[in-house]
Amino acid sequence: MRKICSSVIAFGLVILLAEISSSQEAKISLRDVIGAFGKNEFDRTIELCDKAIKQGATEPEFYYYLGSAYAKIQKNNEAIQSLRTFLSKADYTKNAWLLRSSFQTIISIHRTNNDYPAVIEDGNLFLRNLKEGKDTGQLETFAKNLMFETLRDLGNQKYNEKDYKQASNIYKMAIQFRPDDLVLLEKIAICYKNLNEQETAAEYYLMAAMKWKAWSSKMVSLLSMLELIWEKDKFDEFAKKAEADEISKNVIIAAGMIKKKNYKDAFSILNNIEKNAGSNGSISYRIANALYSKMNSDPYLIYHFMAVFPEYNFSSCIDMLMNSGRMDPEKARIIRDEIFPRLAQLIEEKKDSSSIRNIYIKIVDLKFIGIPENRETAEGKIKMLREFREKYPDDPSVPEIIRKEASLYVDILSDYQKGKELYGILVKKFDKKDAIPQLVKCLINLGEFDDVYGLIKDFLSEKNVSEHSKFQAGQFLVQANFFDEGIKVLKEIDAMTKNKWLKQQIKDILKDFRQYLKDDIPVDTESKFIVLNVKSEKYYFTNFVSITADSPVLFQERERLEIISFSQKRQYIFCNVTGKSSEEISLTEPYTMIFKCPDCYTVSLKSKIPFSPDRWRKSEGISLIYPWKDIRTESIKVIRSYNVEGNYGVSTIDFEKLEPGTKIEVVFSTRAGKFSGATPESSEAGPGGAMVFYPQNDKFQIIIKFEPVPELLAYYPKVRISKEVSSEKILNTTVDEFSLKGINAEFHIDFDSQLKIYSISTRQEILYEIDEKIDI
């Protein structure tokens with residue numbers, strides 16, 4: 001019994017000591033919570049706040065830190081609940097920073113969740129609570145701005161998702177917190193426009209226009225509004241809605257008058273607006289420009305604007321009339337016969353205005369709008385332009401007047417002498433380097449090649465000559481028969497430029513030229529001599545997949561005599577070339593008569609051949625072209641095949657019976673797919689992006705791998721196989737006539753004087769071409 005009593009007493013003492021320990025545990029202070037939060041110990045902060053609240057803490061701040069800590073660890077529901085509790089218990093005359101932070105965190109969470117109803121709910125609650133406090137103006141402004149920005153951004157999300165109905169609803173909620181945000185008003189208008197609620201959209205545009213203070217901003221909204229009310233003639237209705245804003249009201253009234261073609265009264269009303277707004281014609285021009293297309297480009301609309309505002313954007317108005325006249329012959333007639341005479345009077349009154357003189361070329365063109373350029377119109381324009389520069393010789397626009405006058409002489413009247421004179425004035429008097437190409441064109445057409453050479457050399461010696469200008473200069477040297485100099489310039493550009501277009505242009509020019517005389521052969525000042533070249537071509541063509549002994553091909557032969565004359569002095573010789581062949585001749589280049597004799601065919605051509613010291617030349621002579629034939633050939637074998645390997649298409653080309661010196665070109669088309677690679681790799685890039693190969697053996701294989709386009713069944717790329725053999729024989733023989741033989745033809749040349757034949761070259765070319773074949 002005594003033992004039992006002792007146990008009970010001991011147990012009671014334990015319970016008593018535990019209760020004493022609990023009652024003596026330290027209470028959690030706000031400082032403890034702030035310290036943990038400041039160290040980013042958010043779980044510890046939550047633990048301390050929970051204990052403090054259980055201990056009966058009454059300070060609202062515990063709920064602030066509890067909610068903020070929950071937000072930091074992404075427990076958003078708990079965060080919102082705690083922060084709402086803080087905002088409901090807080091004293092709104094104190095702790096403005098905590099109030100602001102709590103509200104901002106709640107709204108941020110709603111924003112992340114795209115929960116705009118919750119944004120409205122918590123926002124309105126916060127604003128109501130603020131009204132109960134004192135000196136809360138700054139907090140209220142902050143809250144409204146935050147609400148506006150949050151709702152606007154949520155609206156933008158819906159707008160970008162093309163949910164215009166929801167976007168407009170959210171924008172309208174947002175604008176309650178910032179009623180003067182006119183950009184958002186216009187955004188609401190755009191939403192309704194996209195919803196095809198045109199009249200509601202127009203009302204919002206009008207609301208924005210009436211609130212804008214600057215006339216330029218008003219016009220943006222008003223023009224958008226006019227676009228929406230135009231078809232249904234809502235001008236009177238919307239003018240009444242705009243009674244409170246003079247500019248908006250009168251712009252709407254004037255637009256209604258324009259639609260009725262009452263242009264004079266419309267611009268009279270607009271002129272009064274311009275005077276009050278100080279806009280000097282800008283409002284009227286924007287309206288005229290915006291409504292011009294709606295009025296079917298009526299030239300009278302622009303004329304009436306010009307009559308009221310002759311100093312404003314005269315050049316653009318002329319452009320609008322020009323475009324209208326170019327598109328519609330009837331409008332062109334109205335402009336010429338009815339509007340231009342009225343404008344001429346206006347121009348005469350303003351003739352001393354620099355703005356009129358600066359666009360005089362446009363005015364001249366307007367007078368003849370719609371009439372195709374011919375001798376009569378060109379002479380009429382030239383007369384007006386000449387009278388202008390005689391009257392205003394020192395006007396800054398004179399160089400462009402001269403340029404226009406010169407272009408009419410050259411391009412329409414083909415008067416290169418007058419063109420040379422005027423372009424020369426531009427270059428020499430006004431230092432207009434950009435007129436050199438036109439001056440050179442005139443000199444070339446007049447045959448004044450030495451002047452071309454001097455002009456171009458001076459031009460190229462200038463500093464900072466652009467790549468394109470150098471290219472033009474090289475072209476002109478070639479056109480003026482200074483082939484060596486021109487080709488040198490073009491090759492220098494080709495070696496330096498990265499411009500693919502320019503490289504291709506140079507290739508296209510150079511392909512017609514060959515170096516007919518080696519650099520170590522002198523062209524002295526006294527002698528003149530010629531080089532003769534006989535070229536034979538055999539051309540095989542097929543659009544079958546392969547060339548085999550059993551595959552038919554088209555075959556054609558050509559034989560060409562080239563006469564290249566050299567002399568230090570640039571001059572011409574005349575000669576007569578006769579060609580004779582036992583084979584039928586179907587065509588010649590250049591074209592001439594073909595005569596059939598009992599046992600042969602003959603042609604005759606009189607030719608004027610230029611002497612020149614240039615070693616690079618275009619071919620001068622005559623080609624005999626023989627008829628096409630259907631044949632079979634065993635001289636070469638080409639097998640094209642196609643198969644698929646995984647996701648790739650593979651075109652294989654096998655060659656047999658290749659001769660030494662053969663060149664192969666293969667062209668892959670992107671119509672078949674995306675090129676991946678070729679085995680072996682191309683030796684060089686050929687014309688048109690061709691791959692070039694030089695096989696070393698009589699057998700050769702090319703494999704092309706690519707990603708095929710959908711539905712491709714087979715692809716066989718284009719193939720060209722060529723081989724050329726040439727030889728040269730030095731003669732140094734002086735003659736006045738000469739004969740030589742080709743493979744199928746014999747040529748006889750009669751010269752008009754004695755001259756030396758330096759050498760005879762022969763070239764034989766064999767070309768096989770297999771056309772591209774694509775099966776889809």
# chains A, B, ... in the order shown; residues from 1 in each chain; ligands from 1
>>> select_by_dssp(residues="segment 393-588 of chain A", states="strand (DSSP E or B)", output="PyMOL selection string")
chain A and resi 513-515+528-542+547+552-567+571-581+587-588
>>> residues_around(residues="segment 354-362 of chain A", least_positions_apart="6", cutoff="8 Å", atoms="only C-alpha atoms", output="PyMOL selection string")
chain A and resi 311+314-315+318-319+347+385+396-397+401+404
>>> closest_atom_pairs(of="segment 400-478 of chain A", to="segment 370-376 of chain A", cutoff="12 Å", atoms="only C-alpha atoms", output="JSON lines")
{"residue": "A:Ser407", "atom": "CA", "partner": "A:Glu373", "partner_atom": "CA", "distance": 11.9}
{"residue": "A:Leu408", "atom": "CA", "partner": "A:Arg375", "partner_atom": "CA", "distance": 9.1}
{"residue": "A:Tyr409", "atom": "CA", "partner": "A:Arg375", "partner_atom": "CA", "distance": 9.4}
{"residue": "A:Val410", "atom": "CA", "partner": "A:Arg375", "partner_atom": "CA", "distance": 11.4}
{"residue": "A:Asp411", "atom": "CA", "partner": "A:Glu373", "partner_atom": "CA", "distance": 9.7}
{"residue": "A:Ile412", "atom": "CA", "partner": "A:Asn374", "partner_atom": "CA", "distance": 6.5}
{"residue": "A:Leu413", "atom": "CA", "partner": "A:Arg375", "partner_atom": "CA", "distance": 6.3}
{"residue": "A:Ser414", "atom": "CA", "partner": "A:Arg375", "partner_atom": "CA", "distance": 10.0}
{"residue": "A:Asp415", "atom": "CA", "partner": "A:Arg375", "partner_atom": "CA", "distance": 11.2}
>>> write_last_selection(atoms="N, CA, C and O atoms", output="JSON list (two decimals), in the first residue's frame")
[["chain", "number", "residue", "atom", "x", "y", "z"],
["A", 407, "SER", "N", 17.48, 62.50, -120.78],
["A", 407, "SER", "CA", 16.90, 61.16, -120.94],
["A", 407, "SER", "C", 15.85, 61.15, -122.04],
["A", 407, "SER", "O", 15.70, 60.15, -122.75],
["A", 408, "LEU", "N", 15.10, 62.24, -122.20],
["A", 408, "LEU", "CA", 14.11, 62.32, -123.27],
["A", 408, "LEU", "C", 14.79, 62.33, -124.63],
["A", 408, "LEU", "O", 14.34, 61.66, -125.58],
["A", 409, "TYR", "N", 15.88, 63.10, -124.77],
["A", 409, "TYR", "CA", 16.62, 63.12, -126.03],
["A", 409, "TYR", "C", 17.15, 61.73, -126.39],
["A", 409, "TYR", "O", 17.05, 61.30, -127.54],
["A", 410, "VAL", "N", 17.70, 61.02, -125.38],
["A", 410, "VAL", "CA", 18.35, 59.73, -125.65],
["A", 410, "VAL", "C", 17.33, 58.61, -125.79],
["A", 410, "VAL", "O", 17.33, 57.86, -126.78],
["A", 411, "ASP", "N", 16.45, 58.47, -124.80],
["A", 411, "ASP", "CA", 15.57, 57.30, -124.75],
["A", 411, "ASP", "C", 14.39, 57.38, -125.71],
["A", 411, "ASP", "O", 13.90, 56.35, -126.17],
["A", 412, "ILE", "N", 13.92, 58.59, -126.01],
["A", 412, "ILE", "CA", 12.75, 58.73, -126.89],
["A", 412, "ILE", "C", 13.15, 59.19, -128.28],
["A", 412, "ILE", "O", 12.72, 58.63, -129.28],
["A", 413, "LEU", "N", 14.01, 60.20, -128.36],
["A", 413, "LEU", "CA", 14.36, 60.77, -129.67],
["A", 413, "LEU", "C", 15.62, 60.16, -130.26],
["A", 413, "LEU", "O", 15.96, 60.45, -131.42],
["A", 414, "SER", "N", 16.34, 59.32, -129.49],
["A", 414, "SER", "CA", 17.60, 58.71, -129.95],
["A", 414, "SER", "C", 18.59, 59.75, -130.45],
["A", 414, "SER", "O", 19.39, 59.48, -131.36],
["A", 415, "ASP", "N", 18.55, 60.92, -129.83],
["A", 415, "ASP", "CA", 19.48, 62.00, -130.19],
["A", 415, "ASP", "C", 20.67, 61.93, -129.21],
["A", 415, "ASP", "O", 20.71, 62.61, -128.19]]
>>> residues_around(residues="Lys629 of chain A", least_positions_apart="3", cutoff="7 Å", atoms="only C-alpha atoms", output="PyMOL selection string")
chain A and resi 554-556
>>> residues_around(residues="Pro710 of chain A", least_positions_apart="5", cutoff="10 Å", atoms="only C-alpha atoms", output="ChimeraX atom specification")
/A:672-673,776
>>> closest_residue(among="A:Tyr164, A:Trp230, A:Trp616, A:Tyr540", to="Phe513 of chain A", atoms="only C-alpha atoms")
A:Trp616
>>> residues_around(residues="segment 449-457 of chain A", least_positions_apart="3", cutoff="10 Å", atoms="only C-alpha atoms", output="PyMOL selection string")
chain A and resi 436-437+439-446+460-462+470+472-474+476-477+479-482+485-486+570
>>> write_last_selection(atoms="N, CA and C atoms", output="PDB file, in the first residue's frame")
ATOM      1  N   ILE A 436      27.692  59.595-115.370  1.00  0.00           N
ATOM      2  CA  ILE A 436      28.726  59.052-116.263  1.00  0.00           C
ATOM      3  C   ILE A 436      28.208  57.869-117.084  1.00  0.00           C
ATOM      4  N   PRO A 437      27.463  56.911-116.488  1.00  0.00           N
ATOM      5  CA  PRO A 437      26.957  55.801-117.320  1.00  0.00           C
ATOM      6  C   PRO A 437      26.118  56.263-118.505  1.00  0.00           C
ATOM      7  N   LEU A 439      26.300  59.226-119.979  1.00  0.00           N
ATOM      8  CA  LEU A 439      27.200  59.903-120.915  1.00  0.00           C
ATOM      9  C   LEU A 439      27.971  58.871-121.740  1.00  0.00           C
ATOM     10  N   VAL A 440      28.428  57.822-121.082  1.00  0.00           N
ATOM     11  CA  VAL A 440      29.166  56.765-121.781  1.00  0.00           C
ATOM     12  C   VAL A 440      28.278  56.094-122.824  1.00  0.00           C
ATOM     13  N   LYS A 441      27.039  55.857-122.477  1.00  0.00           N
ATOM     14  CA  LYS A 441      26.094  55.242-123.422  1.00  0.00           C
ATOM     15  C   LYS A 441      25.989  56.088-124.692  1.00  0.00           C
ATOM     16  N   CYS A 442      25.909  57.415-124.509  1.00  0.00           N
ATOM     17  CA  CYS A 442      25.834  58.304-125.678  1.00  0.00           C
ATOM     18  C   CYS A 442      27.109  58.219-126.517  1.00  0.00           C
ATOM     19  N   LEU A 443      28.259  58.225-125.857  1.00  0.00           N
ATOM     20  CA  LEU A 443      29.535  58.172-126.577  1.00  0.00           C
ATOM     21  C   LEU A 443      29.685  56.867-127.350  1.00  0.00           C
ATOM     22  N   ILE A 444      29.247  55.750-126.745  1.00  0.00           N
ATOM     23  CA  ILE A 444      29.333  54.458-127.429  1.00  0.00           C
ATOM     24  C   ILE A 444      28.465  54.470-128.681  1.00  0.00           C
ATOM     25  N   ASN A 445      27.250  55.008-128.562  1.00  0.00           N
ATOM     26  CA  ASN A 445      26.353  55.064-129.717  1.00  0.00           C
ATOM     27  C   ASN A 445      26.853  56.014-130.801  1.00  0.00           C
ATOM     28  N   LEU A 446      27.660  56.991-130.406  1.00  0.00           N
ATOM     29  CA  LEU A 446      28.246  57.913-131.382  1.00  0.00           C
ATOM     30  C   LEU A 446      29.568  57.383-131.926  1.00  0.00           C
ATOM     31  N   LEU A 460      37.464  55.347-112.776  1.00  0.00           N
ATOM     32  CA  LEU A 460      38.018  54.258-111.958  1.00  0.00           C
ATOM     33  C   LEU A 460      39.165  54.725-111.071  1.00  0.00           C
ATOM     34  N   SER A 461      39.786  55.850-111.427  1.00  0.00           N
ATOM     35  CA  SER A 461      40.884  56.364-110.597  1.00  0.00           C
ATOM     36  C   SER A 461      40.389  57.112-109.369  1.00  0.00           C
ATOM     37  N   GLU A 462      39.084  57.371-109.316  1.00  0.00           N
ATOM     38  CA  GLU A 462      38.511  58.041-108.151  1.00  0.00           C
ATOM     39  C   GLU A 462      38.584  57.130-106.928  1.00  0.00           C
ATOM     40  N   LYS A 470      32.111  49.892-110.445  1.00  0.00           N
ATOM     41  CA  LYS A 470      33.240  49.291-111.170  1.00  0.00           C
ATOM     42  C   LYS A 470      32.732  48.272-112.195  1.00  0.00           C
ATOM     43  N   GLN A 472      29.837  48.299-113.715  1.00  0.00           N
ATOM     44  CA  GLN A 472      29.293  49.062-114.841  1.00  0.00           C
ATOM     45  C   GLN A 472      30.413  49.569-115.742  1.00  0.00           C
ATOM     46  N   ALA A 473      31.491  50.067-115.112  1.00  0.00           N
ATOM     47  CA  ALA A 473      32.622  50.587-115.881  1.00  0.00           C
ATOM     48  C   ALA A 473      33.234  49.490-116.742  1.00  0.00           C
ATOM     49  N   GLY A 474      33.389  48.291-116.171  1.00  0.00           N
ATOM     50  CA  GLY A 474      33.918  47.171-116.940  1.00  0.00           C
ATOM     51  C   GLY A 474      33.016  46.825-118.116  1.00  0.00           C
ATOM     52  N   PHE A 476      31.040  48.874-119.725  1.00  0.00           N
ATOM     53  CA  PHE A 476      31.145  49.932-120.735  1.00  0.00           C
ATOM     54  C   PHE A 476      32.431  49.798-121.546  1.00  0.00           C
ATOM     55  N   LEU A 477      33.526  49.431-120.886  1.00  0.00           N
ATOM     56  CA  LEU A 477      34.784  49.235-121.618  1.00  0.00           C
ATOM     57  C   LEU A 477      34.629  48.121-122.651  1.00  0.00           C
ATOM     58  N   GLN A 479      31.754  47.183-124.030  1.00  0.00           N
ATOM     59  CA  GLN A 479      30.855  47.676-125.073  1.00  0.00           C
ATOM     60  C   GLN A 479      31.564  48.624-126.034  1.00  0.00           C
ATOM     61  N   ALA A 480      32.588  49.332-125.508  1.00  0.00           N
ATOM     62  CA  ALA A 480      33.345  50.265-126.349  1.00  0.00           C
ATOM     63  C   ALA A 480      34.505  49.565-127.062  1.00  0.00           C
ATOM     64  N   ASN A 481      34.512  48.216-127.022  1.00  0.00           N
ATOM     65  CA  ASN A 481      35.514  47.383-127.692  1.00  0.00           C
ATOM     66  C   ASN A 481      36.899  47.455-127.050  1.00  0.00           C
ATOM     67  N   PHE A 482      37.001  47.938-125.810  1.00  0.00           N
ATOM     68  CA  PHE A 482      38.254  47.849-125.054  1.00  0.00           C
ATOM     69  C   PHE A 482      38.170  46.569-124.212  1.00  0.00           C
ATOM     70  N   GLU A 485      40.887  45.698-121.332  1.00  0.00           N
ATOM     71  CA  GLU A 485      40.715  46.549-120.147  1.00  0.00           C
ATOM     72  C   GLU A 485      39.430  46.205-119.402  1.00  0.00           C
ATOM     73  N   GLY A 486      38.343  46.018-120.156  1.00  0.00           N
ATOM     74  CA  GLY A 486      37.063  45.706-119.522  1.00  0.00           C
ATOM     75  C   GLY A 486      37.089  44.374-118.807  1.00  0.00           C
ATOM     76  N   ARG A 570      42.706  50.998-133.931  1.00  0.00           N
ATOM     77  CA  ARG A 570      41.342  50.462-134.019  1.00  0.00           C
ATOM     78  C   ARG A 570      40.707  50.913-135.333  1.00  0.00           C
TER      79      ARG A 570
END
